[in-house]
Every structure is written in C-alpha cells, then in structure tokens.
Amino acid sequence: MYVIVVGGGKVGYYLTRTLVAEGHEVTLVEKDARRAAALRTELGEVITRGDGCEVRTMQEMGMERADCVVAVTGDDEDNLVVCQMAKHRFEVARTIARVNDPKNEEIFALLGVDHTLSGTRLIYSLIQQEVDVGEMVLLSALKAGKIEIVSAELTEEAPVVGKILQDIRLPKSSVIAALIREESVLLPSGTMEFMEGDTVIALAHPEDEPTLRTCLLGGVTKSPITTATEEERKK
Amino acid sequence: MRVVILGCGRVGSLLANTMDKAGNEVTIIDENADSFWRLASDYGGEKVTGIGLDEDVLRVAGLDKADAFVAVTNGDNTNVMAGQIAQRRFKVPRVIVRLYDPIRAQTYRKFGLETICTSIIGAGIINDLLTGTPQRPIEEYIKMGPAVEHVLPVLEDKAASSSENEEERK
C-alpha cells in the first residue's frame, strides 16, 4: 500500500516509522526545512520537504497513485485542505485527518473527509470510562455524529439486570451490539440475560440516548457529557 | 445587507469600513483584537475577537442571520475552511473567500465556493500594463490560471451533492 503522510510532527514521525516497519511504501511531507532535514537523517528518502497543500508537491509525491492520505499537522484547516485536494484533484480513495479541535470532527465528515481522529476526544472518552461507573460513555460517532456508539456498565441497580433482551423495550432504532462479560464478548440474542458487571455496547441516535440510558441504567442519571444539552443536564 | 468579514487585515478592514459607510450591518472577526486599529475611527459595526473556524465564534458574529460572509485572513486554508463552514453549516447565501494560491482557488471554485485569487488578478493586470494590453473584466483575469489546470482535471464533487440532506437554515 502507498501511504502519504502530511505533517512531520510526533504523530507523523511515529506513524511513518510504523508504516515503514510494516513494509508499506510511505512518503512523509514536512513543510519546515530544518525539521525535514532532521527527519531525513533518521528515516531517509521517505521524507520530502514541501507544502502538502500545494498541488505541485502533491504531484511530485505521486498523489494520484496513493491508496491513502493521512493529514496529521497541528492545524485543522491544513488537514482539511490536504484531504479535500487529495480527493478532488487526485481521486485518492481514502483520506484520514487528525482533528485537533474535537468540534471539527463533524464538519470534516460533512466536507468529505473519510475518517477523522481526535486525540482530545479519545483521551477524554478514556477518562470518562474511568470516572463514570454506572454511566453511559460515548465511544465513537458514525455518520457525521448522527449515530453514536456508547457503552454502559451495569451496576446492581440497573433495571435490566436479571432480564433477558427480548423483554426489554429499547428506544426504536437503538441496537445492542454486544455484551462484554468479564473478558469475553457475547453476541446479543433474544434470550441473553443481563448480569451485574456486564458492559453493554449499543448504537443509538444521540436524541434517543436519554431514553436508552434510563432503559439500561435506570432513574436519575446524567447524559454523556459530549452529547448533553443544558436541559438534559438539569433533569 | 448583513455581512460578516473574517480577518481584519488590509483587505478586511478596508471592506468593513466601506460596507459600514454604505449603511450595511457589518461584523468583523479577528483572532487578534489589536488588528481592529485598522478600522476607521467612525466605524459603526460590530467587532468580534475569536478564531474564525470556531462555530461558536461564528454564531456570536451572527452567521446564522448573515446575508454574506467574506473570508480574507492571510491563511488560504483558514479561508477555505471558514467559507465552507459558512456555506454548509450556516447556509449563508453568499460566501466569498480570498485565496493566494491559484490552484486552490480554481479547485474550490469548481465545487461551489466563490473564490477570488488576488495573485492571478494582480499578475494579469500588471502583465497587461507592461505589454500595453487594454484592461479586461475581472472574470477574464480569473480564467488566466496556471497551466496545471490542463494537466489535472478537477473531479466532480461528491460531497457537495449531499448537502441537501443537511438541516434547513433557520
């Protein structure tokens, strides 16, 4: 696979090193001449100095035959333009952008970037998983945030504990995707019984989440912070 | 007309002053409050300090009610991204972005963003002055892009056609 990485910061550097070690063909573009020279002493010919947003640089790198373009600079607007130019000028099949401001994930998806990755959101959701026992945690969002993957750990108060899946009235269009018990993954079936300590993985529309939470975890709970509105928080 | 201008540099401040004098409702955004010194002393419009790519800042600037949005920061990519947020998220009827890079200007123009490339226009006008060619309409200068345009055809925008699915402008 031929991968073009734009941005020679820490993320770009380690990503390139990993891809090279895995035997992929890689080009890493770095705008800053000094940084590019430093990278080249270690990674060699895979480093190109140039502006990844410039069509001429893109041509020199062979953008038209790239299988994947990954934009990991520290500036969201640059990452967006790299991905859009790669798509619209060179028909690159897969574009991945690092998003520094998590708020930009949705707009990137709307503007045609295939995948976005927000370090801020990843770390935040990991923290949430530790903090909110007995709460629903947002794991990831699909379709520009219209569908969310959430997890909920069942405490002994959870109303679903001791019940089987087919007896539970889930909000419409919400789906239980899996159940994690101890360290095994259970696929949902109608007769599957929920037990204390289980982690439920579900897919839901953001607006259905309060109902889903009440259904799985019961009474007075707060929204996952990333999707909560002020009104929901007051409840 | 309600117009929001992003970037209070030479172009942004001049445009803000002119539009304000002509009786329009002008809001100008800049991430650096010091930049507002360029505005005329009798400028009567709004000033918003903040990052122009932040939807919350754009909302404070009244983008959801704006008739026009103009992005004239010194960063092409900032202008392109802000312009697309204005167009797709806030459904602003008229969006104009100033770009220095002719190729980016052509690319984004092809998929529906009104771009003004001052590099092409400037080079074209100077060329005509030097060669004694009569001045031409702006559209003609805009078409005088670099040759790469012929090498690389711009692809149809697949993302733009899905914009109808977005929520209606309030």
# chains A, B, ... in the order shown; residues from 1 in each chain; ligands from 1
call {"tool": "residues_around", "arguments": {"residues": "Ile142 (chain B)", "least_positions_apart": "5", "cutoff": "10 Å", "atoms": "only C-alpha atoms", "output": "compact mmCIF listing (two decimals) with C-alpha atoms, in the first residue's frame"}}
result
# COMPACT_ATOMS: atom_id res chain seq x y z
CA PRO B 102 -4.43 29.97 -7.84
CA ALA B 105 -8.82 28.96 -5.87
CA GLN B 106 -9.68 27.03 -9.05
CA THR B 115 -13.08 32.27 -4.65
CA ILE B 116 -11.16 35.42 -5.54
CA CYS B 117 -7.50 34.78 -6.28
CA THR B 118 -5.76 38.13 -5.95
CA SER B 119 -2.47 36.63 -7.18
CA ILE B 120 -3.91 35.80 -10.59
CA ILE B 121 -5.74 39.13 -10.87
CA GLY B 122 -2.69 41.11 -9.76
CA GLY B 124 -2.81 39.67 -15.01
CA PRO B 137 -13.02 42.31 -16.99
call {"tool": "residues_around", "arguments": {"residues": "region 59-64 of chain A", "least_positions_apart": "4", "cutoff": "8 Å", "atoms": "only C-alpha atoms", "output": "list in words"}}
result
Ile4, Thr27, Thr48, Val55, Ala86, Phe90, Glu91 and Val92 of chain A
call {"tool": "closest_atom_pairs", "arguments": {"of": "chain A", "to": "chain B", "cutoff": "12 Å", "atoms": "only C-alpha atoms", "output": "Markdown table"}}
result
| residue | atom | partner | partner_atom | distance |
| --- | --- | --- | --- | --- |
| A:Asp51 | CA | B:Asp101 | CA | 12.0 |
| A:Gly52 | CA | B:Asn77 | CA | 11.7 |
| A:Cys53 | CA | B:Arg104 | CA | 8.5 |
| A:Glu54 | CA | B:Ile103 | CA | 8.1 |
| A:Val55 | CA | B:Ile103 | CA | 7.2 |
| A:Arg56 | CA | B:Val148 | CA | 8.5 |
| A:Met58 | CA | B:Leu152 | CA | 11.5 |
| A:Gln59 | CA | B:Leu152 | CA | 9.7 |
| A:Met63 | CA | B:Leu152 | CA | 11.7 |
| A:Glu64 | CA | B:Leu152 | CA | 10.1 |
| A:Asp75 | CA | B:Thr78 | CA | 9.4 |
| A:Asp76 | CA | B:Thr78 | CA | 8.8 |
| A:Glu77 | CA | B:Asn77 | CA | 5.3 |
| A:Asp78 | CA | B:Asn77 | CA | 5.7 |
| A:Asn79 | CA | B:Asn77 | CA | 8.9 |
| A:Leu80 | CA | B:Met81 | CA | 7.4 |
| A:Val81 | CA | B:Asn77 | CA | 6.2 |
| A:Val82 | CA | B:Asn77 | CA | 9.2 |
| A:Cys83 | CA | B:Asn77 | CA | 11.6 |
| A:Gln84 | CA | B:Tyr108 | CA | 9.2 |
| A:Met85 | CA | B:Thr107 | CA | 7.7 |
| A:Ala86 | CA | B:Leu155 | CA | 10.5 |
| A:Lys87 | CA | B:Leu155 | CA | 8.2 |
| A:His88 | CA | B:Leu155 | CA | 5.2 |
| A:Arg89 | CA | B:Val154 | CA | 5.3 |
| A:Phe90 | CA | B:Leu152 | CA | 8.0 |
| A:Glu91 | CA | B:Leu155 | CA | 7.4 |
| A:Val92 | CA | B:Leu155 | CA | 11.0 |
| A:Asn100 | CA | B:Asp54 | CA | 12.0 |
| A:Asp101 | CA | B:Asp54 | CA | 8.9 |
| A:Pro102 | CA | B:Asp54 | CA | 10.8 |
| A:Lys103 | CA | B:Asp54 | CA | 8.1 |
| A:Asn104 | CA | B:Asp54 | CA | 8.4 |
| A:Glu106 | CA | B:Arg89 | CA | 10.2 |
| A:Ile107 | CA | B:Ile85 | CA | 7.2 |
| A:Phe108 | CA | B:Met81 | CA | 9.4 |
| A:Ala109 | CA | B:Ala159 | CA | 9.3 |
| A:Leu110 | CA | B:Ala159 | CA | 7.4 |
| A:Leu111 | CA | B:Ala159 | CA | 6.3 |
| A:Gly112 | CA | B:Ala159 | CA | 5.3 |
| A:Val113 | CA | B:Ala159 | CA | 9.1 |
| A:Asp114 | CA | B:Ala159 | CA | 10.6 |
| A:Ala144 | CA | B:Glu166 | CA | 10.9 |
| A:Lys146 | CA | B:Glu166 | CA | 11.4 |
call {"tool": "write_last_selection", "arguments": {"atoms": "C-alpha atoms", "output": "PDB file, in the first residue's frame"}}
result
ATOM      1  CA  ASP A  51       3.890  22.092   1.466  1.00  0.00           C
ATOM      2  CA  GLY A  52       1.410  19.220   1.384  1.00  0.00           C
ATOM      3  CA  CYS A  53      -1.356  21.637   0.357  1.00  0.00           C
ATOM      4  CA  GLU A  54       0.435  22.641  -2.844  1.00  0.00           C
ATOM      5  CA  VAL A  55      -0.622  20.729  -5.933  1.00  0.00           C
ATOM      6  CA  ARG A  56       2.928  20.678  -7.267  1.00  0.00           C
ATOM      7  CA  MET A  58       1.317  16.554  -4.326  1.00  0.00           C
ATOM      8  CA  GLN A  59       2.216  15.668  -7.901  1.00  0.00           C
ATOM      9  CA  MET A  63      -0.515  11.574  -5.047  1.00  0.00           C
ATOM     10  CA  GLU A  64      -2.520  10.081  -7.926  1.00  0.00           C
ATOM     11  CA  ASP A  75      -3.603  22.796  12.125  1.00  0.00           C
ATOM     12  CA  ASP A  76      -7.084  21.527  11.375  1.00  0.00           C
ATOM     13  CA  GLU A  77      -7.574  23.823   8.380  1.00  0.00           C
ATOM     14  CA  ASP A  78      -4.414  22.439   6.744  1.00  0.00           C
ATOM     15  CA  ASN A  79      -5.503  18.855   7.389  1.00  0.00           C
ATOM     16  CA  LEU A  80      -8.886  19.586   5.832  1.00  0.00           C
ATOM     17  CA  VAL A  81      -7.416  21.138   2.700  1.00  0.00           C
ATOM     18  CA  VAL A  82      -4.903  18.300   2.233  1.00  0.00           C
ATOM     19  CA  CYS A  83      -7.727  15.753   2.333  1.00  0.00           C
ATOM     20  CA  GLN A  84     -10.052  17.740   0.079  1.00  0.00           C
ATOM     21  CA  MET A  85      -7.342  18.432  -2.505  1.00  0.00           C
ATOM     22  CA  ALA A  86      -6.327  14.756  -2.431  1.00  0.00           C
ATOM     23  CA  LYS A  87      -9.918  13.745  -3.074  1.00  0.00           C
ATOM     24  CA  HIS A  88     -10.899  16.356  -5.627  1.00  0.00           C
ATOM     25  CA  ARG A  89      -7.688  16.692  -7.565  1.00  0.00           C
ATOM     26  CA  PHE A  90      -6.229  13.202  -7.313  1.00  0.00           C
ATOM     27  CA  GLU A  91      -9.180  10.951  -6.532  1.00  0.00           C
ATOM     28  CA  VAL A  92      -7.443   9.361  -3.532  1.00  0.00           C
ATOM     29  CA  ASN A 100      -7.172  18.924  16.949  1.00  0.00           C
ATOM     30  CA  ASP A 101     -10.417  20.599  17.972  1.00  0.00           C
ATOM     31  CA  PRO A 102     -12.930  17.768  18.557  1.00  0.00           C
ATOM     32  CA  LYS A 103     -15.712  20.110  17.416  1.00  0.00           C
ATOM     33  CA  ASN A 104     -14.307  19.873  13.890  1.00  0.00           C
ATOM     34  CA  GLU A 106     -18.468  16.683  12.388  1.00  0.00           C
ATOM     35  CA  ILE A 107     -17.645  19.442   9.898  1.00  0.00           C
ATOM     36  CA  PHE A 108     -14.802  17.355   8.408  1.00  0.00           C
ATOM     37  CA  ALA A 109     -17.190  14.465   7.798  1.00  0.00           C
ATOM     38  CA  LEU A 110     -19.672  16.884   6.237  1.00  0.00           C
ATOM     39  CA  LEU A 111     -16.943  18.221   3.950  1.00  0.00           C
ATOM     40  CA  GLY A 112     -15.966  14.804   2.627  1.00  0.00           C
ATOM     41  CA  VAL A 113     -13.030  13.626   4.750  1.00  0.00           C
ATOM     42  CA  ASP A 114     -13.342   9.838   5.091  1.00  0.00           C
ATOM     43  CA  ALA A 144     -21.124  12.702  10.979  1.00  0.00           C
ATOM     44  CA  LYS A 146     -25.807  11.091  13.666  1.00  0.00           C
TER      45      LYS A 146
END
call {"tool": "residues_around", "arguments": {"residues": "Gly23 (chain A)", "least_positions_apart": "6", "cutoff": "12 Å", "atoms": "only C-alpha atoms", "output": "JSON, numbers by chain"}}
result
{"A": [1, 2, 3, 16, 17]}
call {"tool": "write_last_selection", "arguments": {"atoms": "N, CA and C atoms", "output": "mmCIF file, in the first residue's frame"}}
result
data_model
loop_
_atom_site.group_PDB
_atom_site.id
_atom_site.type_symbol
_atom_site.label_atom_id
_atom_site.label_comp_id
_atom_site.auth_asym_id
_atom_site.auth_seq_id
_atom_site.Cartn_x
_atom_site.Cartn_y
_atom_site.Cartn_z
ATOM 1 N N MET A 1 0.841 -1.193 0.000
ATOM 2 C CA MET A 1 0.000 0.000 0.000
ATOM 3 C C MET A 1 0.882 1.252 0.000
ATOM 4 N N TYR A 2 0.473 2.273 -0.781
ATOM 5 C CA TYR A 2 1.221 3.524 -0.780
ATOM 6 C C TYR A 2 0.483 4.573 0.060
ATOM 7 N N VAL A 3 1.134 5.030 1.117
ATOM 8 C CA VAL A 3 0.524 5.979 2.038
ATOM 9 C C VAL A 3 1.316 7.287 2.030
ATOM 10 N N THR A 16 4.902 7.189 10.338
ATOM 11 C CA THR A 16 5.760 6.829 9.200
ATOM 12 C C THR A 16 6.689 5.679 9.573
ATOM 13 N N ARG A 17 7.284 5.787 10.753
ATOM 14 C CA ARG A 17 8.196 4.734 11.197
ATOM 15 C C ARG A 17 7.480 3.384 11.271
#
call {"tool": "residues_around", "arguments": {"residues": "Ser184 (chain A)", "least_positions_apart": "5", "cutoff": "12 Å", "atoms": "only C-alpha atoms", "output": "list in words"}}
result
Ala178, Leu179, Asp198 and Thr199 of chain A
call {"tool": "atom_distance", "arguments": {"atom1": "CA of Asp167 (chain A)", "atom2": "CA of Asp208 (chain A)"}}
result
18.8 Å
call {"tool": "select_by_dssp", "arguments": {"residues": "region 3-233 of chain A", "states": "helix (DSSP H, G or I)", "output": "PyMOL selection string"}}
result
chain A and resi 10-21+33-46+55-60+63-65+76-90+104-110+119-131+165-167+206-217+230-233
call {"tool": "residues_around", "arguments": {"residues": "Ala36 (chain A)", "least_positions_apart": "3", "cutoff": "8 Å", "atoms": "only C-alpha atoms", "output": "PDB file with C-alpha atoms, in the first residue's frame"}}
result
ATOM      1  CA  GLY A   8       6.241  15.648  10.284  1.00  0.00           C
ATOM      2  CA  VAL A  29       5.902  15.592   3.697  1.00  0.00           C
ATOM      3  CA  GLU A  30       7.151  18.241   6.075  1.00  0.00           C
ATOM      4  CA  LYS A  31       6.984  21.967   5.378  1.00  0.00           C
ATOM      5  CA  ASP A  32       9.779  23.122   7.681  1.00  0.00           C
ATOM      6  CA  ALA A  33      13.204  22.642   6.047  1.00  0.00           C
ATOM      7  CA  LEU A  39      13.693  13.571   9.895  1.00  0.00           C
ATOM      8  CA  ARG A  40      15.652  12.570   6.810  1.00  0.00           C
ATOM      9  CA  ILE A  47      10.970  12.308   3.708  1.00  0.00           C
ATOM     10  CA  THR A  48      10.000  15.059   1.240  1.00  0.00           C
ATOM     11  CA  ARG A  49      10.286  18.711   2.102  1.00  0.00           C
TER      12      ARG A  49
END
call {"tool": "select_by_dssp", "arguments": {"residues": "region 163-232 of chain A", "states": "strand (DSSP E)", "output": "JSON, numbers by chain"}}
result
{"A": [175, 176, 177, 178, 179, 180, 181, 184, 185, 186, 199, 200, 201, 202, 203, 204]}
call {"tool": "atom_distance", "arguments": {"atom1": "CA of Asp64 (chain B)", "atom2": "CA of Val4 (chain B)"}}
result
10.3 Å
